[in-house]
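What follows is the content of protein38.cif, which has mmCIF, C-alpha atoms:
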data_data
loop_
_atom_site.label_atom_id
_atom_site.label_comp_id
_atom_site.auth_asym_id
_atom_site.auth_seq_id
_atom_site.Cartn_x
_atom_site.Cartn_y
_atom_site.Cartn_z
CA MET A 1169 0.00 0.00 0.00
CA ASP A 1170 1.54 3.27 -1.15
CA ALA A 1171 1.02 6.21 1.18
CA ARG A 1172 2.14 9.80 1.42
CA VAL A 1173 1.81 12.29 4.23
CA LEU A 1174 1.31 16.03 3.90
CA ALA A 1175 1.10 18.75 6.54
CA GLY A 1176 -0.88 21.98 6.32
CA ILE A 1177 -0.90 25.12 8.44
CA ASP A 1178 -3.07 28.23 8.47
CA LEU A 1179 -1.79 31.38 10.18
CA TYR A 1180 -4.63 33.81 10.80
CA GLY A 1181 -4.76 36.55 13.42
CA GLN A 1182 -3.22 35.28 16.65
CA THR A 1183 -3.86 31.61 15.88
CA LEU A 1184 -1.93 28.84 14.15
CA ARG A 1185 -4.09 25.94 12.96
CA TYR A 1186 -2.35 22.81 11.81
CA ALA A 1187 -3.13 19.42 10.29
CA GLU A 1188 -1.34 16.34 9.01
CA VAL A 1189 -3.03 13.85 6.68
CA GLU A 1190 -2.00 10.48 5.30
CA CYS A 1191 -3.23 9.64 1.80
CA TYR A 1192 -3.21 6.00 0.73
CA ASP A 1193 -4.78 3.73 -1.88
CA VAL A 1194 -7.09 0.87 -0.94
CA GLU A 1195 -7.79 -1.88 -3.45
CA ARG A 1196 -11.29 -1.57 -4.94
CA HIS A 1197 -11.98 1.48 -2.79
CA GLY A 1198 -9.71 4.11 -4.33
CA THR A 1199 -7.93 6.80 -2.36
CA ARG A 1200 -8.49 7.20 1.37
CA HIS A 1201 -7.32 9.81 3.86
CA ARG A 1202 -6.45 9.46 7.52
CA LEU A 1203 -6.03 12.39 9.89
CA LEU A 1204 -2.78 12.13 11.84
CA ARG A 1205 -2.69 15.54 13.50
CA LEU A 1206 -5.11 18.43 14.09
CA GLY A 1207 -4.99 21.35 16.48
CA SER A 1208 -4.30 25.01 17.10
CA CYS A 1209 -1.93 27.29 19.00
CA ASP A 1210 -2.76 30.79 20.21
CA PHE A 1211 -0.09 33.47 20.49
CA GLU A 1212 0.10 36.78 22.30
CA PHE A 1213 0.88 38.50 19.00
CA ASP A 1214 -0.59 38.60 15.51
CA VAL A 1215 1.21 35.81 13.63
CA THR A 1216 -0.20 37.05 10.34
CA ARG A 1217 1.36 40.46 10.84
CA VAL A 1218 4.69 38.97 11.92
CA LEU A 1219 4.94 36.97 8.73
CA TRP A 1220 3.52 39.41 6.22
CA SER A 1221 4.51 42.87 7.49
CA ALA A 1222 7.97 44.39 7.52
CA PRO A 1223 8.84 45.62 11.05
CA ALA A 1224 9.86 49.18 11.84
CA ALA A 1225 13.49 49.71 12.78
CA GLN A 1226 12.73 49.92 16.50
CA GLN A 1227 10.73 46.67 16.35
CA GLN A 1228 13.36 44.50 14.67
CA GLN A 1229 14.37 42.65 17.84
CA SER A 1230 10.83 41.87 19.03
CA HIS A 1231 9.86 40.86 15.50
CA GLN A 1232 12.74 38.38 15.35
CA GLN A 1233 11.76 36.97 18.74
CA GLN A 1234 8.20 36.46 17.54
CA LEU A 1235 9.43 34.63 14.43
CA GLU A 1236 11.51 32.39 16.69
CA THR A 1237 8.46 31.74 18.88
CA LEU A 1238 6.48 30.72 15.80
CA GLY A 1239 9.30 28.43 14.71
CA LYS A 1240 9.49 26.75 18.12
CA ALA A 1241 5.72 26.20 18.17
CA LEU A 1242 5.81 24.59 14.73
CA ALA A 1243 8.82 22.47 15.71
CA ASP A 1244 6.89 21.17 18.73
CA VAL A 1245 3.77 20.47 16.66
CA TYR A 1246 5.64 18.51 13.98
CA GLU A 1247 8.37 17.01 16.16
CA SER A 1248 7.58 13.43 15.11
CA THR A 1249 6.13 14.13 11.68
CA SER A 1250 6.52 11.87 8.67
CA ALA A 1251 5.20 14.50 6.26
CA GLY A 1252 7.16 15.02 3.08
CA GLU A 1253 6.02 18.61 2.61
CA LEU A 1254 4.48 21.47 4.56
CA ARG A 1255 1.82 23.48 2.75
CA VAL A 1256 1.38 26.98 4.10
CA VAL A 1257 -2.04 28.52 3.56
CA VAL A 1258 -2.26 32.05 2.19
CA HIS A 1259 -5.52 33.97 2.44
CA PRO A 1260 -6.24 36.30 -0.49
CA PRO A 1261 -5.67 39.62 1.31
CA GLN A 1262 -2.07 38.51 1.95
CA ALA A 1263 -1.08 37.84 -1.67
CA TYR A 1264 -1.96 38.36 -5.31
CA SER A 1265 -3.98 35.50 -6.78
CA PHE A 1266 -5.23 35.21 -10.34
CA PHE A 1267 -5.99 32.78 -13.16
CA ALA A 1268 -4.44 33.02 -16.60
CA PRO A 1269 -4.07 30.94 -19.77
CA ALA A 1270 -0.57 29.67 -20.41
CA PRO A 1271 1.79 30.58 -23.22
CA ALA A 1272 3.03 27.53 -25.10
CA GLN A 1273 6.64 27.42 -23.88
CA ARG A 1274 7.37 26.84 -20.21
CA ALA A 1275 10.07 29.50 -19.80
CA ALA A 1276 7.90 32.09 -21.54
CA ARG A 1277 4.98 31.03 -19.35
CA LEU A 1278 6.85 31.69 -16.11
CA GLU A 1279 8.15 35.06 -17.27
CA HIS A 1280 4.65 35.98 -18.44
CA PHE A 1281 3.08 35.13 -15.09
CA ALA A 1282 5.80 37.01 -13.20
CA ARG A 1283 5.20 40.09 -15.33
CA GLU A 1284 1.44 39.93 -14.71
CA ALA A 1285 2.04 39.57 -10.97
CA ARG A 1286 4.31 42.61 -10.95
CA LEU A 1287 1.65 44.59 -12.81
CA LEU A 1288 -0.77 43.78 -10.01
CA ALA A 1289 1.78 44.64 -7.35
CA ASP A 1290 2.99 48.01 -8.53
CA GLY A 1291 1.96 48.66 -12.12
CA ASP A 1292 5.53 48.48 -13.37
CA ALA A 1293 5.77 45.86 -16.11
CA ALA A 1294 9.40 46.77 -16.70
CA ASP A 1295 10.56 45.72 -13.23
CA GLY A 1296 12.92 42.78 -13.74
CA SER A 1297 13.54 41.82 -10.12
CA GLY A 1298 12.16 38.27 -10.51
CA SER A 1299 14.24 35.30 -11.56
CA VAL A 1300 12.91 31.99 -12.87
CA ARG A 1301 13.69 28.81 -10.94
CA GLY A 1302 12.04 25.43 -11.50
CA ASN A 1303 8.27 25.76 -11.70
CA GLU A 1304 8.41 29.00 -9.75
CA THR A 1305 9.47 32.57 -10.24
CA SER A 1306 11.28 33.68 -7.12
CA GLY A 1307 11.80 37.40 -6.71
CA ALA A 1308 14.50 39.20 -4.80
CA ARG A 1309 13.94 40.11 -1.17
CA ASP A 1310 12.15 43.29 -2.22
CA GLY A 1311 10.35 41.55 -5.12
CA LEU A 1312 7.75 38.84 -5.49
CA HIS A 1313 7.75 35.09 -5.01
CA VAL A 1314 5.50 33.64 -7.71
CA THR A 1315 4.17 30.10 -8.18
CA ALA A 1316 1.99 28.84 -11.02
CA ASP A 1317 0.02 25.57 -10.97
CA GLU A 1318 -2.07 24.16 -13.79
CA CYS A 1319 -5.75 23.87 -12.83
CA TYR A 1320 -7.51 22.62 -15.92
CA ALA A 1321 -7.36 22.57 -19.71
CA GLU A 1322 -9.92 23.47 -22.32
CA ARG A 1323 -10.07 22.67 -26.01
CA GLY A 1324 -10.81 25.35 -28.58
CA VAL A 1325 -10.36 25.98 -32.28
CA ASN A 1326 -6.62 26.43 -31.71
CA GLY A 1327 -6.23 23.21 -29.74
CA ARG A 1328 -5.63 22.60 -26.05
CA ARG A 1329 -5.15 25.59 -23.76
CA ALA A 1330 -4.13 25.19 -20.14
CA TRP A 1331 -5.28 27.56 -17.40
CA PHE A 1332 -3.04 28.21 -14.41
CA HIS A 1333 -3.61 29.60 -10.96
CA VAL A 1334 -0.87 32.10 -10.15
CA LEU A 1335 0.02 33.03 -6.59
CA ALA A 1336 2.36 35.95 -5.96
CA LEU A 1337 3.48 37.02 -2.51
CA SER A 1338 6.08 39.19 -0.90
CA GLY A 1339 9.63 37.99 -1.38
CA GLU A 1340 10.36 39.19 2.15
CA ALA A 1341 7.55 37.05 3.60
CA HIS A 1342 8.88 34.05 1.69
CA ALA A 1343 12.38 34.67 3.09
CA ARG A 1344 11.00 35.01 6.64
CA PHE A 1345 9.20 31.70 6.49
CA ARG A 1346 12.20 29.97 4.95
CA ARG A 1347 14.13 30.99 8.09
CA VAL A 1348 11.33 29.50 10.21
CA MET A 1349 11.60 26.26 8.21
CA HIS A 1350 15.22 25.83 9.33
CA THR A 1351 13.90 24.80 12.77
CA LEU A 1352 11.41 22.22 11.46
CA PRO A 1353 11.89 18.51 10.72
CA LEU A 1354 10.27 18.95 7.30
CA PRO A 1355 12.22 18.85 4.03
CA ASP A 1356 10.34 21.56 2.14
CA PHE A 1357 7.30 23.83 2.01
CA ARG A 1358 5.08 25.47 -0.55
CA TRP A 1359 2.45 28.19 -0.42
CA THR A 1360 -1.17 27.43 -1.28
CA ILE A 1361 -4.18 29.70 -1.52
CA SER A 1362 -6.92 28.99 1.02
CA MET A 1363 -9.66 28.64 -1.62
CA GLU A 1364 -7.86 25.78 -3.36
CA GLY A 1365 -7.80 23.69 -0.19
CA ALA A 1366 -11.48 24.44 0.39
CA THR A 1367 -12.47 23.28 -3.09
CA ARG A 1368 -10.37 20.14 -2.64
CA ALA A 1369 -12.22 19.36 0.60
CA ALA A 1370 -15.59 20.00 -1.07
CA VAL A 1371 -14.79 17.64 -3.94
CA LEU A 1372 -13.57 14.86 -1.65
CA LEU A 1373 -16.58 15.24 0.66
CA GLU A 1374 -18.93 14.62 -2.26
CA HIS A 1375 -16.85 11.65 -3.38
CA ARG A 1376 -17.21 10.08 0.05
CA ARG A 1377 -20.96 10.63 0.02
CA ARG A 1378 -21.26 8.76 -3.27
CA GLU A 1379 -19.28 5.87 -1.82
CA ARG A 1380 -21.71 5.22 1.01
CA PRO A 1381 -22.45 1.48 1.29
CA LEU A 1382 -25.59 0.20 -0.39
CA ARG A 1383 -27.10 -1.13 2.81
CA LYS A 1384 -29.58 -0.11 5.45
CA GLU A 1385 -28.30 1.56 8.55
CA PRO A 1386 -29.49 0.19 11.91
CA SER A 1387 -31.43 3.39 12.53
CA GLN A 1388 -33.53 2.98 9.38
CA SER A 1389 -37.01 1.64 9.80
CA ARG A 1390 -38.21 -1.44 7.91
CA GLY A 1391 -39.19 -0.49 4.39
CA ALA A 1392 -37.21 2.75 4.39
CA GLU A 1393 -35.08 3.10 1.29
CA PRO A 1394 -31.36 3.27 2.09
CA TRP A 1395 -29.01 5.79 0.57
CA GLY A 1396 -27.98 3.46 -2.21
CA ALA A 1397 -28.00 2.97 -5.95
CA GLY A 1398 -31.02 5.18 -6.60
CA ALA A 1399 -29.69 8.07 -4.55
CA ALA A 1400 -26.21 7.69 -6.01
CA SER A 1401 -27.64 7.73 -9.53
CA ALA A 1402 -29.63 10.86 -8.76
CA GLU A 1403 -26.54 12.49 -7.30
CA HIS A 1404 -24.55 11.66 -10.46
CA ALA A 1405 -27.28 13.11 -12.68
CA ARG A 1406 -27.37 16.28 -10.61
CA THR A 1407 -23.60 16.63 -10.95
CA GLU A 1408 -23.82 16.35 -14.73
CA GLU A 1409 -26.53 19.01 -14.88
CA ALA A 1410 -24.86 21.29 -12.35
CA PRO A 1411 -21.12 20.51 -12.46
CA PHE A 1412 -19.86 23.37 -10.29
CA ARG A 1413 -19.31 23.35 -6.55
CA LEU A 1414 -19.19 26.71 -4.79
CA THR A 1415 -17.23 27.29 -1.59
CA VAL A 1416 -17.57 30.47 0.45
CA GLY A 1417 -15.09 31.36 3.17
CA CYS A 1418 -16.40 33.83 5.76
CA TYR A 1419 -13.90 35.94 7.70
CA ALA A 1420 -14.12 39.17 9.64
CA GLU A 1421 -12.36 41.25 6.98
CA HIS A 1422 -13.22 39.47 3.74
CA LEU A 1423 -15.11 36.77 1.88
CA GLU A 1424 -13.40 34.23 -0.35
CA LEU A 1425 -15.35 32.42 -3.07
CA ALA A 1426 -14.22 29.59 -5.33
CA LEU A 1427 -15.63 27.17 -7.87
CA ALA A 1428 -14.62 23.57 -8.48
CA ARG A 1429 -15.59 21.75 -11.68
CA HIS A 1430 -15.19 18.02 -12.29
CA GLY A 1431 -12.97 17.75 -9.24
CA GLN A 1432 -10.64 20.60 -10.20
CA PHE A 1433 -10.00 24.09 -8.82
CA HIS A 1434 -11.63 26.24 -11.50
CA PHE A 1435 -11.82 29.90 -10.47
CA ALA A 1436 -11.88 32.10 -7.37
CA LEU A 1437 -12.18 35.64 -6.14
CA HIS A 1438 -12.18 37.44 -2.82
CA ALA A 1439 -14.19 40.39 -1.58
CA PRO A 1440 -12.37 42.74 0.84
CA HIS A 1441 -14.44 44.12 3.73
CA ALA A 1442 -17.46 42.02 2.67
CA GLU A 1443 -19.67 40.16 5.14
CA PRO A 1444 -21.70 36.92 4.90
CA PRO A 1445 -24.91 38.75 3.79
CA ASP A 1446 -22.90 40.00 0.79
CA SER A 1447 -22.07 36.47 -0.35
CA ALA A 1448 -24.98 36.24 -2.81
CA TYR A 1449 -23.90 39.43 -4.57
CA PHE A 1450 -20.31 38.28 -5.00
CA ALA A 1451 -21.34 34.75 -5.96
CA ALA A 1452 -23.52 36.24 -8.70
CA ALA A 1453 -20.58 38.39 -9.83
CA LEU A 1454 -18.32 35.33 -9.94
CA LEU A 1455 -20.80 33.35 -12.03
CA GLU A 1456 -21.47 36.27 -14.37
CA ARG A 1457 -17.74 36.76 -14.91
CA LEU A 1458 -17.50 33.18 -16.17
CA GLY A 1459 -20.74 33.33 -18.16
CA LEU A 1460 -22.44 30.78 -15.90
CA ALA A 1461 -26.04 30.60 -14.77
CA PRO A 1462 -26.75 30.05 -11.05
CA PRO A 1463 -28.33 26.60 -11.69
CA SER A 1464 -24.90 25.38 -12.82
CA VAL A 1465 -23.95 25.29 -9.12
CA GLY A 1466 -24.93 21.92 -7.73
CA GLN A 1467 -23.75 22.40 -4.15
CA THR A 1468 -22.71 25.28 -1.91
CA PHE A 1469 -20.38 24.89 1.07
CA VAL A 1470 -19.31 27.45 3.66
CA TYR A 1471 -16.28 27.52 5.96
CA GLY A 1472 -14.17 29.99 7.91
CA LEU A 1473 -14.17 31.74 11.26
CA ASP A 1474 -17.52 33.47 10.71
CA ALA A 1475 -19.33 30.75 8.75
CA ASP A 1476 -22.78 29.64 9.89
CA ALA A 1477 -24.63 27.73 7.19
CA ALA A 1478 -27.92 28.01 9.07
CA SER A 1479 -27.67 31.78 9.49
CA ASP A 1480 -30.14 34.11 7.81
CA ASP A 1481 -27.07 35.93 6.49
CA LEU A 1482 -26.73 33.20 3.84
CA THR A 1483 -30.39 32.92 2.87
CA ALA A 1484 -29.93 35.04 -0.26
CA LEU A 1485 -26.99 32.87 -1.32
CA GLY A 1486 -29.17 29.76 -1.08
CA ARG A 1487 -31.91 31.41 -3.14
CA LEU A 1488 -29.39 32.38 -5.83
CA THR A 1489 -27.96 28.90 -6.36
CA GLU A 1490 -31.13 27.02 -5.33
CA THR A 1491 -28.89 24.90 -3.10
CA PRO A 1492 -29.00 25.58 0.64
CA PRO A 1493 -25.48 26.30 1.95
CA GLU A 1494 -24.06 23.61 4.20
CA PRO A 1495 -20.98 23.45 6.42
CA LEU A 1496 -17.84 22.17 4.73
CA ASP A 1497 -17.23 19.38 7.23
CA PHE A 1498 -14.00 17.53 6.45
CA ARG A 1499 -14.48 14.85 9.13
CA PRO A 1500 -16.06 12.21 6.83
CA ILE A 1501 -13.12 12.62 4.43
CA VAL A 1502 -10.50 11.72 7.01
CA GLY A 1503 -12.56 9.16 8.94
CA LEU A 1504 -12.74 11.30 12.06
CA ASP A 1505 -15.36 10.21 14.57
CA PRO A 1506 -17.22 13.31 15.86
CA GLU A 1507 -17.46 11.64 19.28
CA HIS A 1508 -13.69 11.97 19.64
CA LEU A 1509 -14.03 15.76 19.59
CA ALA A 1510 -15.70 18.27 21.86
CA GLU A 1511 -19.40 18.74 21.16
CA ASP A 1512 -18.83 22.38 20.24
CA PHE A 1513 -15.99 21.63 17.79
CA ASP A 1514 -16.39 23.72 14.65
CA PRO A 1515 -14.62 22.30 11.58
CA GLY A 1516 -15.08 25.52 9.59
CA PRO A 1517 -11.91 27.33 10.74
CA TYR A 1518 -9.78 24.23 10.05
CA VAL A 1519 -10.90 23.71 6.44
CA PRO A 1520 -7.97 25.64 4.86
CA CYS A 1521 -5.21 23.76 6.71
CA VAL A 1522 -6.86 20.35 6.33
CA GLY A 1523 -7.65 21.04 2.68
CA ALA A 1524 -4.03 22.00 2.08
CA ALA A 1525 -2.92 18.64 3.47
CA LEU A 1526 -5.36 16.56 1.40
#
Rewrite the structure of this file - the entire thing - as structure tokens.
Amino acid sequence: MDARVLAGIDLYGQTLRYAEVECYDVERHGTRHRLLRLGSCDFEFDVTRVLWSAPAAQQQQSHQQQLETLGKALADVYESTSAGELRVVVHPPQAYSFFAPAPAQRAARLEHFAREARLLADGDAADGSGSVRGNETSGARDGLHVTADECYAERGVNGRRAWFHVLALSGEAHARFRRVMHTLPLPDFRWTISMEGATRAAVLLEHRRRERPLRKEPSQSRGAEPWGAGAASAEHARTEEAPFRLTVGCYAEHLELALARHGQFHFALHAPHAEPPDSAYFAAALLERLGLAPPSVGQTFVYGLDADAASDDLTALGRLTETPPEPLDFRPIVGLDPEHLAEDFDPGPYVPCVGAAL
């Protein structure tokens, strides 16, 4: 049985949330996931600010101490890890995130994405501070660190065209976290946008639902139809008619919205200073931007610190997509028994770090 282990962390406000997930193949059952580690650490300082903001001259010493504190906390969390990579979640206000079609040649593609990222950052397309390395464009300390990952491909009159998600963040922030990594027993790390992990969790959650055994549960009354072949067939038909899955992340200072299609991260946007009641407006804007009708969304999931699927704040979103929003609960994906957790455990805030590790 082949297995791989990935770790994911989400730094937001004064809290570090972390996860570690083993992915393995089971004969006749496909891929399975097992949660190895899940938790959080609270700090007396804003870990987001420490990582993403340059300190003033008089704060250099305290800033360095806070980075060391973060490193020690991560070293304790992953002391006995077997993960081959750490994926560090980036929320959209902290970085530039966009989708773009790819030029044909790889070297030209990376330079093209770096140039577009610099245009977003400062409007100066002539700035040549970035240098290409591997599948990334890594800027100088005062430049940008850019990664580009293929999401999906489409076929047109000119043949196959690949679309990439491009993530560009401060070169200084990248250098800071690389120093933190020196204290960790992990070989490497990569940045990942929060919405990608959320869509991954949404896709896997639906896969698990379709794999439910074709048998009656003990709680079902005699004659009650189990969730079986008929329900699975209906679910498949609904997916064909409405192939998109919408995820909405609710946070105090922004909303993040993303679409998955046929199991792949398809498109995303974020809305600064927006609140959950605004989610319907921005979901409509996202769909209109892609030329999609609301019925093309077959399922809507919500996550984040301020997510409450049952709240009246999301009623308009449910009316728009004609699918009532539901919590993006990752526990069925990783085989986590709810009874092993506190009754008031909320999976919503952990979706980005768990999704990154899936």
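The spacing separating atom CA of Leu1458 of chain A from atom CA of Asp1480 of chain A amounts to 27.1 Å.
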Tell me which residues the PyMOL selection byres ((chain A and resi 1428) around 6) grabs here, as a VMD selection string. chain A and resid 1367 1412 to 1413 1427 1429 1432 to 1434
For the selection just defined, write its residues with C-alpha atoms to a file, as a PDB file, keeping the file's coordinate frame.
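This is the output file part28.pdb:
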ATOM      1  CA  THR A1367     -12.470  23.280  -3.090  1.00  0.00           C
ATOM      2  CA  PHE A1412     -19.860  23.370 -10.290  1.00  0.00           C
ATOM      3  CA  ARG A1413     -19.310  23.350  -6.550  1.00  0.00           C
ATOM      4  CA  LEU A1427     -15.630  27.170  -7.870  1.00  0.00           C
ATOM      5  CA  ARG A1429     -15.590  21.750 -11.680  1.00  0.00           C
ATOM      6  CA  GLN A1432     -10.640  20.600 -10.200  1.00  0.00           C
ATOM      7  CA  PHE A1433     -10.000  24.090  -8.820  1.00  0.00           C
ATOM      8  CA  HIS A1434     -11.630  26.240 -11.500  1.00  0.00           C
TER       9      HIS A1434
END
Could you please give me, as a ChimeraX atom specification, the residues of protein, DNA or RNA lying at most 8 Å from (-2.8, 27.1, -1.7) in the coordinate frame of the file, considering all atoms listed in the file? /A:1255-1258,1359-1365,1524
May I have the residues within 10 Å of Pro1261 of chain A as a PyMOL selection string, using all atoms listed in the file and disregarding those fewer than 5 positions away in the same chain? chain A and resi 1421-1424+1438-1440
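Here the PyMOL selection byres ((chain A and resi 1187-1191) around 8) catches exactly these residues: A:Ala1171, A:Arg1172, A:Val1173, A:Leu1174, A:Ala1175, A:Gly1176, A:Ile1177, A:Arg1185, A:Tyr1186, A:Tyr1192, A:Asp1193, A:Thr1199, A:Arg1200, A:His1201, A:Arg1202, A:Leu1203, A:Leu1204, A:Arg1205, A:Leu1206, A:Gly1207, A:Ala1251, A:Val1502, A:Cys1521, A:Val1522, A:Ala1525, A:Leu1526.
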For the residues selected in the previous step, produce a file with C-alpha atoms as a tab-separated table (two decimals), in the coordinates of the input.
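What follows is the written file again.tsv:
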chain	number	residue	atom	x	y	z
A	1171	ALA	CA	1.02	6.21	1.18
A	1172	ARG	CA	2.14	9.80	1.42
A	1173	VAL	CA	1.81	12.29	4.23
A	1174	LEU	CA	1.31	16.03	3.90
A	1175	ALA	CA	1.10	18.75	6.54
A	1176	GLY	CA	-0.88	21.98	6.32
A	1177	ILE	CA	-0.90	25.12	8.44
A	1185	ARG	CA	-4.09	25.94	12.96
A	1186	TYR	CA	-2.35	22.81	11.81
A	1192	TYR	CA	-3.21	6.00	0.73
A	1193	ASP	CA	-4.78	3.73	-1.88
A	1199	THR	CA	-7.93	6.80	-2.36
A	1200	ARG	CA	-8.49	7.20	1.37
A	1201	HIS	CA	-7.32	9.81	3.86
A	1202	ARG	CA	-6.45	9.46	7.52
A	1203	LEU	CA	-6.03	12.39	9.89
A	1204	LEU	CA	-2.78	12.13	11.84
A	1205	ARG	CA	-2.69	15.54	13.50
A	1206	LEU	CA	-5.11	18.43	14.09
A	1207	GLY	CA	-4.99	21.35	16.48
A	1251	ALA	CA	5.20	14.50	6.26
A	1502	VAL	CA	-10.50	11.72	7.01
A	1521	CYS	CA	-5.21	23.76	6.71
A	1522	VAL	CA	-6.86	20.35	6.33
A	1525	ALA	CA	-2.92	18.64	3.47
A	1526	LEU	CA	-5.36	16.56	1.40
Spatial neighbours of Tyr1471 of chain A, 7 Å, only C-alpha atoms, chain gap at least 6 places, as a ChimeraX atom specification: /A:1416-1418,1495-1496,1516-1517,1519
Could you name the residues that touch Phe1332 of chain A at 9 Å or less, counting only C-alpha atoms, but leaving out those on the same chain fewer than 6 positions away, as a PyMOL selection string? chain A and resi 1266-1270+1316-1321
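The space between atom CA of Trp1220 of chain A and atom CA of Thr1183 of chain A spans 14.4 Å.
Take the candidates A:Ala1224, A:Ala1282, A:Leu1352, A:Leu1312 and check each one against Ala1263 of chain A using all atoms listed in the file; the shortest distance goes to A:Leu1312.
Put simply, atom CA of Val1314 of chain A is 20.0 Å away from atom CA of Pro1355 of chain A.
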Expected residue set, 10 Å radius at (7.2, 28.4, 16.9), all atoms listed in the file, as a compact mmCIF listing (two decimals) with C-alpha atoms, keeping the file's coordinate frame:
# COMPACT_ATOMS: atom_id res chain seq x y z
CA LEU A 1184 -1.93 28.84 14.15
CA CYS A 1209 -1.93 27.29 19.00
CA PHE A 1211 -0.09 33.47 20.49
CA GLN A 1233 11.76 36.97 18.74
CA GLN A 1234 8.20 36.46 17.54
CA LEU A 1235 9.43 34.63 14.43
CA GLU A 1236 11.51 32.39 16.69
CA THR A 1237 8.46 31.74 18.88
CA LEU A 1238 6.48 30.72 15.80
CA GLY A 1239 9.30 28.43 14.71
CA LYS A 1240 9.49 26.75 18.12
CA ALA A 1241 5.72 26.20 18.17
CA LEU A 1242 5.81 24.59 14.73
CA ALA A 1243 8.82 22.47 15.71
CA ASP A 1244 6.89 21.17 18.73
CA VAL A 1245 3.77 20.47 16.66
CA VAL A 1348 11.33 29.50 10.21
CA MET A 1349 11.60 26.26 8.21
CA THR A 1351 13.90 24.80 12.77
CA LEU A 1352 11.41 22.22 11.46
What do you get, as an NGL selection string, if you spell out every residue that the PyMOL selection byres ((chain A and resi 1468) around 12) selects here? :A and (1366-1367 or 1370-1371 or 1374 or 1410-1417 or 1425-1428 or 1447-1448 or 1451 or 1462-1467 or 1469-1471 or 1477 or 1482-1483 or 1485-1496)
Smallest atom-to-atom distance to Gly1252 of chain A: which of A:Leu1354, A:Leu1437, A:Leu1460, A:Ala1452, using only C-alpha atoms? A:Leu1354
Check the smallest atom-to-atom distance from each of A:Phe1357, A:Phe1498, A:Tyr1180, A:Tyr1518 to Leu1372 of chain A using only C-alpha atoms, then report the winner. A:Phe1498
